[in-house]
file coords01.cif (mmCIF, C-alpha atoms)
data_my_file
#
loop_
_atom_site.label_atom_id
_atom_site.label_comp_id
_atom_site.auth_asym_id
_atom_site.auth_seq_id
_atom_site.Cartn_x
_atom_site.Cartn_y
_atom_site.Cartn_z
CA MET A 6 9.42 -5.45 -13.75
CA LEU A 7 11.04 -2.09 -14.32
CA ALA A 8 13.75 -1.91 -16.97
CA ARG A 9 14.38 1.80 -16.46
CA LEU A 10 13.48 4.36 -13.80
CA SER A 11 13.97 8.12 -14.05
CA LEU A 12 13.45 10.70 -11.29
CA THR A 13 13.31 14.44 -11.94
CA ASP A 14 13.23 16.88 -9.01
CA PHE A 15 11.82 14.14 -6.77
CA ARG A 16 12.64 14.56 -3.06
CA ASN A 17 16.45 14.98 -2.92
CA HIS A 18 17.03 13.58 -6.42
CA ALA A 19 17.49 16.30 -9.05
CA ASP A 20 18.03 13.89 -11.92
CA ALA A 21 18.52 10.16 -11.35
CA VAL A 22 18.34 7.31 -13.85
CA LEU A 23 18.47 3.63 -12.89
CA ALA A 24 18.54 0.59 -15.14
CA PRO A 25 17.62 -2.29 -12.81
CA GLY A 26 17.80 -5.89 -13.87
CA PRO A 27 15.40 -8.71 -13.01
CA GLY A 28 15.47 -10.20 -9.54
CA PHE A 29 17.02 -8.25 -6.67
CA VAL A 30 17.69 -4.52 -6.89
CA VAL A 31 19.84 -3.39 -3.96
CA LEU A 32 20.18 0.25 -2.89
CA SER A 33 22.83 0.88 -0.23
CA GLY A 34 24.01 4.12 1.36
CA ASP A 35 23.98 6.19 4.51
CA ASN A 36 20.81 7.23 6.29
CA GLY A 37 19.30 10.24 4.58
CA ALA A 38 21.06 9.57 1.27
CA GLY A 39 17.79 9.07 -0.63
CA LYS A 40 17.33 5.29 -0.77
CA THR A 41 13.75 5.31 0.51
CA ASN A 42 13.00 8.22 -1.81
CA VAL A 43 13.74 5.92 -4.75
CA LEU A 44 11.34 3.31 -3.38
CA GLU A 45 8.70 5.99 -2.82
CA ALA A 46 9.04 7.04 -6.44
CA VAL A 47 8.48 3.44 -7.57
CA SER A 48 5.43 3.15 -5.29
CA LEU A 49 3.86 6.09 -7.15
CA LEU A 50 3.68 3.90 -10.25
CA ALA A 51 0.64 2.32 -8.60
CA PRO A 52 -2.68 3.87 -7.54
CA GLY A 53 -2.67 5.75 -4.25
CA ARG A 54 -0.39 8.16 -2.45
CA GLY A 55 2.71 6.01 -2.29
CA LEU A 56 4.45 4.30 0.58
CA ARG A 57 4.74 7.46 2.72
CA ARG A 58 1.22 8.73 1.91
CA ALA A 59 2.68 12.22 1.74
CA PRO A 60 1.13 15.28 0.06
CA LEU A 61 2.30 15.59 -3.53
CA SER A 62 3.72 19.05 -2.88
CA GLU A 63 6.16 17.56 -0.35
CA MET A 64 7.64 15.27 -3.00
CA ALA A 65 8.97 18.07 -5.19
CA ARG A 66 12.65 18.79 -4.59
CA GLN A 67 13.44 21.89 -2.56
CA GLY A 68 15.13 24.35 -4.87
CA GLY A 69 13.70 22.61 -7.91
CA SER A 70 11.07 23.71 -10.42
CA GLY A 71 8.18 23.16 -8.01
CA GLY A 72 6.94 20.00 -9.69
CA PHE A 73 8.41 16.51 -10.04
CA GLY A 74 8.45 13.60 -12.45
CA VAL A 75 8.75 9.83 -12.10
CA ALA A 76 9.02 7.83 -15.32
CA ALA A 77 9.53 4.14 -15.89
CA THR A 78 9.83 1.70 -18.75
CA LEU A 79 8.61 -1.84 -18.13
CA ALA A 80 10.24 -4.94 -19.52
CA ASP A 81 7.64 -5.03 -22.31
CA GLU A 82 8.56 -1.40 -23.17
CA THR A 83 5.34 0.05 -21.73
CA ALA A 84 6.05 3.61 -20.54
CA LEU A 85 4.52 4.79 -17.25
CA GLY A 86 4.87 8.26 -15.82
CA THR A 87 3.48 10.39 -13.02
CA GLY A 88 4.25 13.71 -11.42
CA THR A 89 3.11 17.29 -10.91
CA ARG A 90 3.61 20.73 -12.44
CA SER A 91 4.78 23.76 -10.50
CA GLU A 92 1.54 25.64 -11.14
CA ALA A 93 -0.54 22.78 -9.64
CA PRO A 94 1.67 21.03 -7.03
CA GLU A 95 -1.18 18.95 -5.58
CA ARG A 96 -2.60 17.77 -8.89
CA ARG A 97 -1.23 14.41 -9.90
CA LEU A 98 -0.70 13.74 -13.59
CA VAL A 99 -0.39 10.24 -15.04
CA ARG A 100 0.64 9.10 -18.50
CA ILE A 101 0.71 5.63 -19.98
CA ASN A 102 2.59 5.27 -23.26
CA GLY A 103 2.47 9.05 -23.55
CA ALA A 104 -1.31 9.35 -23.25
CA PRO A 105 -3.08 10.95 -20.25
CA ALA A 106 -4.55 8.38 -17.86
CA THR A 107 -5.93 8.04 -14.35
CA ALA A 108 -3.89 6.76 -11.43
CA MET A 109 -6.26 3.79 -11.23
CA ALA A 110 -5.20 2.73 -14.73
CA LEU A 111 -1.66 2.09 -13.46
CA ALA A 112 -2.95 -1.05 -11.69
CA GLU A 113 -3.55 -2.67 -15.08
CA TRP A 114 0.18 -2.60 -15.82
CA LEU A 115 2.01 -2.95 -12.53
CA THR A 116 1.32 -4.29 -9.04
CA VAL A 117 3.52 -2.73 -6.37
CA LEU A 118 3.67 -4.00 -2.77
CA TRP A 119 5.85 -2.63 0.01
CA LEU A 120 7.03 -3.03 3.56
CA THR A 121 8.62 -0.11 5.43
CA PRO A 122 9.89 0.46 8.99
CA ALA A 123 6.87 2.70 9.61
CA MET A 124 4.68 -0.41 9.28
CA ASP A 125 6.44 -2.25 12.12
CA ARG A 126 3.77 -1.07 14.58
CA LEU A 127 0.88 -2.11 12.37
CA PHE A 128 -0.56 -4.57 14.90
CA VAL A 129 -0.62 -2.05 17.76
CA GLU A 130 -1.73 0.99 15.75
CA PRO A 131 -5.39 2.12 15.55
CA ALA A 132 -7.69 0.01 13.36
CA GLY A 133 -7.57 2.56 10.55
CA GLU A 134 -3.94 1.66 9.79
CA ARG A 135 -4.80 -2.02 9.45
CA ARG A 136 -7.77 -1.21 7.21
CA ARG A 137 -5.48 0.83 4.99
CA PHE A 138 -2.99 -2.07 4.88
CA LEU A 139 -5.78 -4.52 4.05
CA ASP A 140 -7.08 -2.24 1.31
CA ARG A 141 -3.64 -2.25 -0.30
CA LEU A 142 -3.66 -6.07 -0.21
CA ALA A 143 -7.17 -6.16 -1.70
CA LEU A 144 -6.28 -3.67 -4.44
CA ALA A 145 -3.51 -5.95 -5.68
CA LEU A 146 -6.11 -8.68 -6.25
CA ALA A 147 -9.09 -6.52 -7.26
CA PRO A 148 -8.09 -3.31 -9.08
CA ALA A 149 -11.65 -1.93 -8.81
CA HIS A 150 -11.38 -1.90 -5.02
CA ALA A 151 -9.81 1.56 -4.80
CA GLY A 152 -12.65 3.08 -6.80
CA HIS A 153 -15.27 1.58 -4.51
CA ALA A 154 -13.36 2.73 -1.43
CA SER A 155 -12.96 6.32 -2.65
CA ARG A 156 -16.62 6.61 -3.68
CA TYR A 157 -17.75 5.19 -0.34
CA GLU A 158 -15.59 7.69 1.56
CA ALA A 159 -16.79 10.60 -0.56
CA ALA A 160 -20.46 9.73 -0.02
CA MET A 161 -19.87 9.27 3.71
CA ARG A 162 -18.18 12.66 4.04
CA GLU A 163 -21.11 14.32 2.29
CA ARG A 164 -23.64 12.49 4.47
CA ASN A 165 -21.76 13.48 7.63
CA ARG A 166 -21.72 17.10 6.44
CA LEU A 167 -25.48 17.11 5.86
CA LEU A 168 -26.20 15.53 9.24
CA ALA A 169 -23.98 18.10 10.99
CA ASP A 170 -25.74 21.05 9.34
CA GLU A 171 -28.11 22.99 11.57
CA ARG A 172 -30.68 23.03 8.81
CA PRO A 173 -32.75 19.85 8.31
CA ALA A 174 -31.18 17.67 5.63
CA ASP A 175 -33.13 16.76 2.52
CA PRO A 176 -34.33 13.16 3.18
CA GLU A 177 -34.16 12.27 -0.51
CA TRP A 178 -30.58 13.48 -0.80
CA LEU A 179 -29.64 11.57 2.36
CA ALA A 180 -31.29 8.45 0.97
CA ALA A 181 -29.38 8.82 -2.31
CA LEU A 182 -26.07 9.15 -0.44
CA GLU A 183 -26.92 6.13 1.70
CA ARG A 184 -27.71 4.06 -1.38
CA ARG A 185 -24.34 5.06 -2.80
CA MET A 186 -22.59 4.20 0.47
CA ALA A 187 -24.41 0.87 0.60
CA GLU A 188 -23.44 -0.08 -2.96
CA HIS A 189 -19.77 0.79 -2.65
CA GLY A 190 -19.45 -0.15 1.03
CA ALA A 191 -20.71 -3.66 0.36
CA ALA A 192 -18.20 -4.00 -2.50
CA VAL A 193 -15.38 -2.80 -0.20
CA ASP A 194 -16.35 -5.30 2.49
CA ALA A 195 -16.65 -8.15 -0.02
CA ALA A 196 -13.21 -7.47 -1.53
CA ARG A 197 -11.60 -7.30 1.89
CA ARG A 198 -13.20 -10.55 3.01
CA ALA A 199 -12.30 -12.34 -0.22
CA THR A 200 -8.68 -11.20 0.18
CA VAL A 201 -8.52 -12.33 3.80
CA THR A 202 -10.10 -15.70 2.97
CA MET A 203 -7.71 -16.45 0.11
CA LEU A 204 -4.68 -15.30 2.06
CA ALA A 205 -5.63 -17.10 5.26
CA GLU A 206 -6.20 -20.36 3.38
CA ARG A 207 -2.87 -20.06 1.60
CA ILE A 208 -0.99 -19.35 4.83
CA ALA A 209 -2.72 -22.12 6.80
CA ALA A 210 -1.86 -24.67 4.11
CA SER A 211 1.82 -23.69 4.04
CA PRO A 212 4.37 -25.34 6.34
CA ALA A 213 5.92 -23.40 9.20
CA GLY A 214 9.25 -21.88 8.22
CA ALA A 215 11.57 -19.04 9.10
CA PHE A 216 8.64 -16.64 9.32
CA PRO A 217 5.67 -17.32 11.60
CA ARG A 218 2.33 -17.96 9.96
CA ALA A 219 -0.49 -15.47 10.49
CA GLY A 220 -4.13 -16.30 11.08
CA LEU A 221 -6.39 -13.62 9.62
CA ALA A 222 -9.98 -12.50 10.16
CA ILE A 223 -12.09 -9.38 9.79
CA GLU A 224 -13.76 -8.11 12.94
CA GLY A 225 -16.51 -5.54 13.24
CA TRP A 226 -19.06 -4.57 10.65
CA GLY A 227 -19.95 -6.94 7.85
CA GLY A 228 -22.95 -7.34 5.58
CA ASP A 229 -24.54 -6.71 2.21
CA ALA A 230 -25.75 -3.52 0.59
CA GLU A 231 -29.32 -3.80 1.84
CA ARG A 232 -28.21 -4.26 5.43
CA LEU A 233 -25.92 -1.24 5.25
CA ARG A 234 -28.57 0.95 3.62
CA ALA A 235 -31.08 0.02 6.34
CA GLU A 236 -28.58 0.65 9.14
CA LEU A 237 -27.63 4.04 7.73
CA ALA A 238 -31.25 5.13 7.35
CA ALA A 239 -32.11 4.00 10.87
CA GLY A 240 -29.00 5.59 12.36
CA ARG A 241 -29.31 9.18 11.13
CA THR A 242 -30.20 10.66 14.52
CA ARG A 243 -27.50 8.66 16.28
CA ASP A 244 -24.86 9.56 13.66
CA ALA A 245 -25.80 13.24 13.79
CA ALA A 246 -25.31 13.24 17.57
CA ALA A 247 -22.00 11.36 17.28
CA GLY A 248 -20.71 13.56 14.46
CA ARG A 249 -19.72 10.52 12.41
CA THR A 250 -21.14 7.43 10.73
CA LEU A 251 -21.24 4.47 13.13
CA ALA A 252 -22.07 1.63 10.72
CA GLY A 253 -20.18 0.43 7.68
CA PRO A 254 -16.91 -1.14 6.55
CA HIS A 255 -14.95 1.84 7.92
CA ARG A 256 -15.74 0.37 11.35
CA SER A 257 -14.12 -3.03 10.71
CA ASP A 258 -10.65 -4.23 11.69
CA LEU A 259 -8.11 -6.79 10.51
CA ALA A 260 -7.39 -9.29 13.29
CA VAL A 261 -4.05 -11.13 13.09
CA VAL A 262 -2.97 -14.11 15.18
CA HIS A 263 0.41 -15.86 15.48
CA LEU A 264 -0.76 -19.36 14.46
CA GLU A 265 2.07 -21.32 16.04
CA LYS A 266 1.60 -19.60 19.41
CA GLY A 267 -2.14 -19.04 19.19
CA GLN A 268 -1.52 -15.47 20.31
CA ALA A 269 -2.92 -12.18 19.01
CA ALA A 270 -0.29 -10.30 17.01
CA HIS A 271 -0.50 -7.19 19.18
CA ARG A 272 0.53 -9.31 22.19
CA CYS A 273 3.61 -10.76 20.46
CA SER A 274 7.11 -9.38 20.89
CA THR A 275 8.37 -6.64 18.58
CA GLY A 276 10.56 -9.14 16.75
CA GLU A 277 7.69 -11.59 16.33
CA GLN A 278 5.45 -8.82 14.99
CA LYS A 279 8.03 -7.85 12.38
CA ALA A 280 8.46 -11.49 11.32
CA LEU A 281 4.67 -11.99 11.17
CA LEU A 282 4.24 -8.94 8.98
CA LEU A 283 7.04 -9.96 6.65
CA GLY A 284 5.64 -13.48 6.34
CA LEU A 285 2.22 -12.01 5.59
CA VAL A 286 3.59 -9.74 2.85
CA LEU A 287 5.52 -12.62 1.30
CA ALA A 288 2.45 -14.86 1.29
CA HIS A 289 0.40 -12.10 -0.29
CA ALA A 290 3.02 -11.53 -2.99
CA ALA A 291 2.90 -15.23 -3.87
CA LEU A 292 -0.91 -15.11 -3.96
CA VAL A 293 -0.87 -12.08 -6.27
CA ALA A 294 1.60 -13.78 -8.61
CA GLU A 295 -0.64 -16.85 -8.73
CA ARG A 296 -3.93 -15.01 -9.22
CA ALA A 297 -2.75 -12.22 -11.53
CA GLY A 298 -0.38 -14.34 -13.58
CA ARG A 299 2.49 -11.94 -12.99
CA PRO A 300 4.68 -11.39 -9.93
CA PRO A 301 4.25 -8.09 -8.09
CA LEU A 302 7.08 -5.64 -7.69
CA LEU A 303 8.21 -5.76 -4.04
CA LEU A 304 9.71 -2.80 -2.18
CA LEU A 305 11.38 -3.83 1.09
CA ASP A 306 12.79 -0.82 2.92
CA GLU A 307 15.48 -1.56 5.56
CA VAL A 308 14.13 -5.08 6.08
CA ALA A 309 17.46 -6.93 6.18
CA ALA A 310 18.81 -4.87 9.09
CA HIS A 311 16.06 -6.17 11.38
CA LEU A 312 16.66 -9.85 10.65
CA ASP A 313 19.20 -12.23 12.11
CA PRO A 314 21.55 -13.85 9.54
CA GLY A 315 19.48 -17.05 9.39
CA ARG A 316 16.20 -15.29 8.66
CA ARG A 317 17.94 -12.93 6.26
CA ALA A 318 19.26 -15.86 4.22
CA ALA A 319 15.82 -17.51 4.36
CA LEU A 320 14.22 -14.30 3.06
CA PHE A 321 16.59 -14.05 0.10
CA GLU A 322 16.12 -17.74 -0.69
CA ARG A 323 12.34 -17.37 -0.64
CA LEU A 324 12.44 -14.33 -2.93
CA ALA A 325 14.97 -15.71 -5.41
CA GLY A 326 13.62 -16.52 -8.84
CA GLY A 327 10.45 -14.51 -8.37
CA GLY A 328 9.65 -10.99 -9.44
CA GLN A 329 11.70 -7.85 -9.08
CA VAL A 330 12.51 -7.04 -5.44
CA TRP A 331 13.90 -3.66 -4.38
CA LEU A 332 15.86 -3.67 -1.11
CA THR A 333 17.50 -0.86 0.85
CA GLY A 334 20.14 -0.96 3.57
CA THR A 335 22.96 1.09 4.99
CA GLU A 336 25.56 -1.67 4.57
CA PRO A 337 26.14 -3.56 1.30
CA GLY A 338 27.23 -6.55 3.39
CA LEU A 339 23.64 -7.08 4.53
CA PHE A 340 22.95 -8.48 1.07
CA ASP A 341 25.98 -10.74 0.63
CA ALA A 342 23.79 -13.85 0.83
CA ILE A 343 22.04 -12.82 -2.40
CA GLY A 344 25.20 -13.50 -4.38
CA THR A 345 25.41 -12.31 -7.97
CA ASP A 346 21.67 -12.31 -8.67
CA ALA A 347 21.28 -8.58 -8.01
CA THR A 348 21.65 -5.15 -9.56
CA ARG A 349 23.46 -3.03 -6.95
CA PHE A 350 23.39 0.74 -6.66
CA HIS A 351 25.02 3.12 -4.19
CA VAL A 352 23.01 6.17 -3.13
CA ALA A 353 24.71 9.27 -1.70
CA ASP A 354 23.36 12.83 -1.34
CA GLY A 355 20.63 12.35 -3.90
CA ARG A 356 22.92 10.68 -6.44
CA VAL A 357 22.55 7.09 -7.59
CA VAL A 358 25.68 5.31 -8.78
CA GLY A 359 25.67 1.90 -10.36
CA PRO A 360 25.18 -0.81 -11.25
CA GLU A 361 28.02 -1.85 -8.98
CA PRO A 362 29.83 -5.21 -9.16
#
call {"tool": "encode", "arguments": {"input": "coords01.cif", "output": "structure tokens"}}
result
Amino acid sequence: MLARLSLTDFRNHADAVLAPGPGFVVLSGDNGAGKTNVLEAVSLLAPGRGLRRAPLSEMARQGGSGGFGVAATLADETALGTGTRSEAPERRLVRINGAPATAMALAEWLTVLWLTPAMDRLFVEPAGERRRFLDRLALALAPAHAGHASRYEAAMRERNRLLADERPADPEWLAALERRMAEHGAAVDAARRATVTMLAERIAASPAGAFPRAGLAIEGWGGDAERLRAELAAGRTRDAAAGRTLAGPHRSDLAVVHLEKGQAAHRCSTGEQKALLLGLVLAHAALVAERAGRPPLLLLDEVAAHLDPGRRAALFERLAGGGQVWLTGTEPGLFDAIGTDATRFHVADGRVVGPEP
């Protein structure tokens, strides 16, 4: 959990310091006040581009120095920090206990999961959005997953570039890239499938409750490194004509089914889709806590506003006593059912006031 969070020139926050307690951390305030910006800052304390996936240069405050800083102290006094400098606004810097580190190293200290309104359409969006969501789930259970995914993507981009060149590509260089894609692509596929298997088994064994249970499966490409290498080698002419690689884990999809109704998630109502997604995130958080031995830090942006009072109370009951959970909402009354087990802040015009009683 975070014991202290400091934002410097981040989004609309010039200088904000929060001292959250364990359990629930509630941020209330008007739309546009900067609540989600605080959650985005927390999400940058994990590998990746944060919950908005925005360019780093967009995160620096307008009228500020041109760079930004996000610093946090964990409960065990470990210091994490990330940000940019004005002279290199797209170069992310990371420090752990004052020493330079990679963004991937953050996963060793903190697991951050989130749910935002932008994810409400996950089940009807293109497959790439669900793959990205699944990769975030897999990363929480296998920190090496992000490295495999980035190396696979880099090798694939280079292979696509060579195949698109008018000059004949060097067969040995193509073969080397395909071996790299095969190695890392097989690892990506294996981590995704292991995550889906563990999560599906956990959900299927749990009783039905306030949130519908999700059945999970991976559709599309699947296989080992040798199969992928062979498919890539055999598909060079086809891929060159298509302008993209047509075999590999980047062609798979996460299939989700409403177990109680036996209906594909994309055919469910908007309300059912939101409840399915929330139930899925909660189940994953419990799985991470069990497997990693520490609860993840949950960021739930504007979740309470979309739930009826019964489901809202059920959500708070399910989260109580677990890890640190950050919640945002326009009305403080949305969180009355939490009771006193919360650190409450009010956010207005880039200022954070609290804790409030």
call {"tool": "resolve_selection", "arguments": {"input": "coords01.cif", "expression": "the PyMOL selection byres ((chain A and resi 192) around 9)", "output": "ChimeraX atom specification"}}
result
/A:150,153-154,187-191,193-197,229-230
call {"tool": "atom_distance", "arguments": {"input": "coords01.cif", "atom1": "CA of Pro176 (chain A)", "atom2": "CA of Leu237 (chain A)"}}
result
12.2 Å
call {"tool": "residues_around", "arguments": {"input": "coords01.cif", "residues": "Thr89 (chain A)", "least_positions_apart": "3", "cutoff": "6 Å", "atoms": "all atoms listed in the file", "output": "ChimeraX atom specification"}}
result
/A:72-73,94,97-98
call {"tool": "residues_around", "arguments": {"input": "coords01.cif", "residues": "Glu336 (chain A)", "least_positions_apart": "4", "cutoff": "9 Å", "atoms": "all atoms listed in the file", "output": "list in words"}}
result
Ser33, Gly34, Asp35, Ala310 and Phe340 of chain A
call {"tool": "closest_residue", "arguments": {"input": "coords01.cif", "among": "A:Leu304, A:Ala93, A:Leu287, A:Ile101", "to": "Ala46 (chain A)", "atoms": "only C-alpha atoms"}}
result
A:Leu304
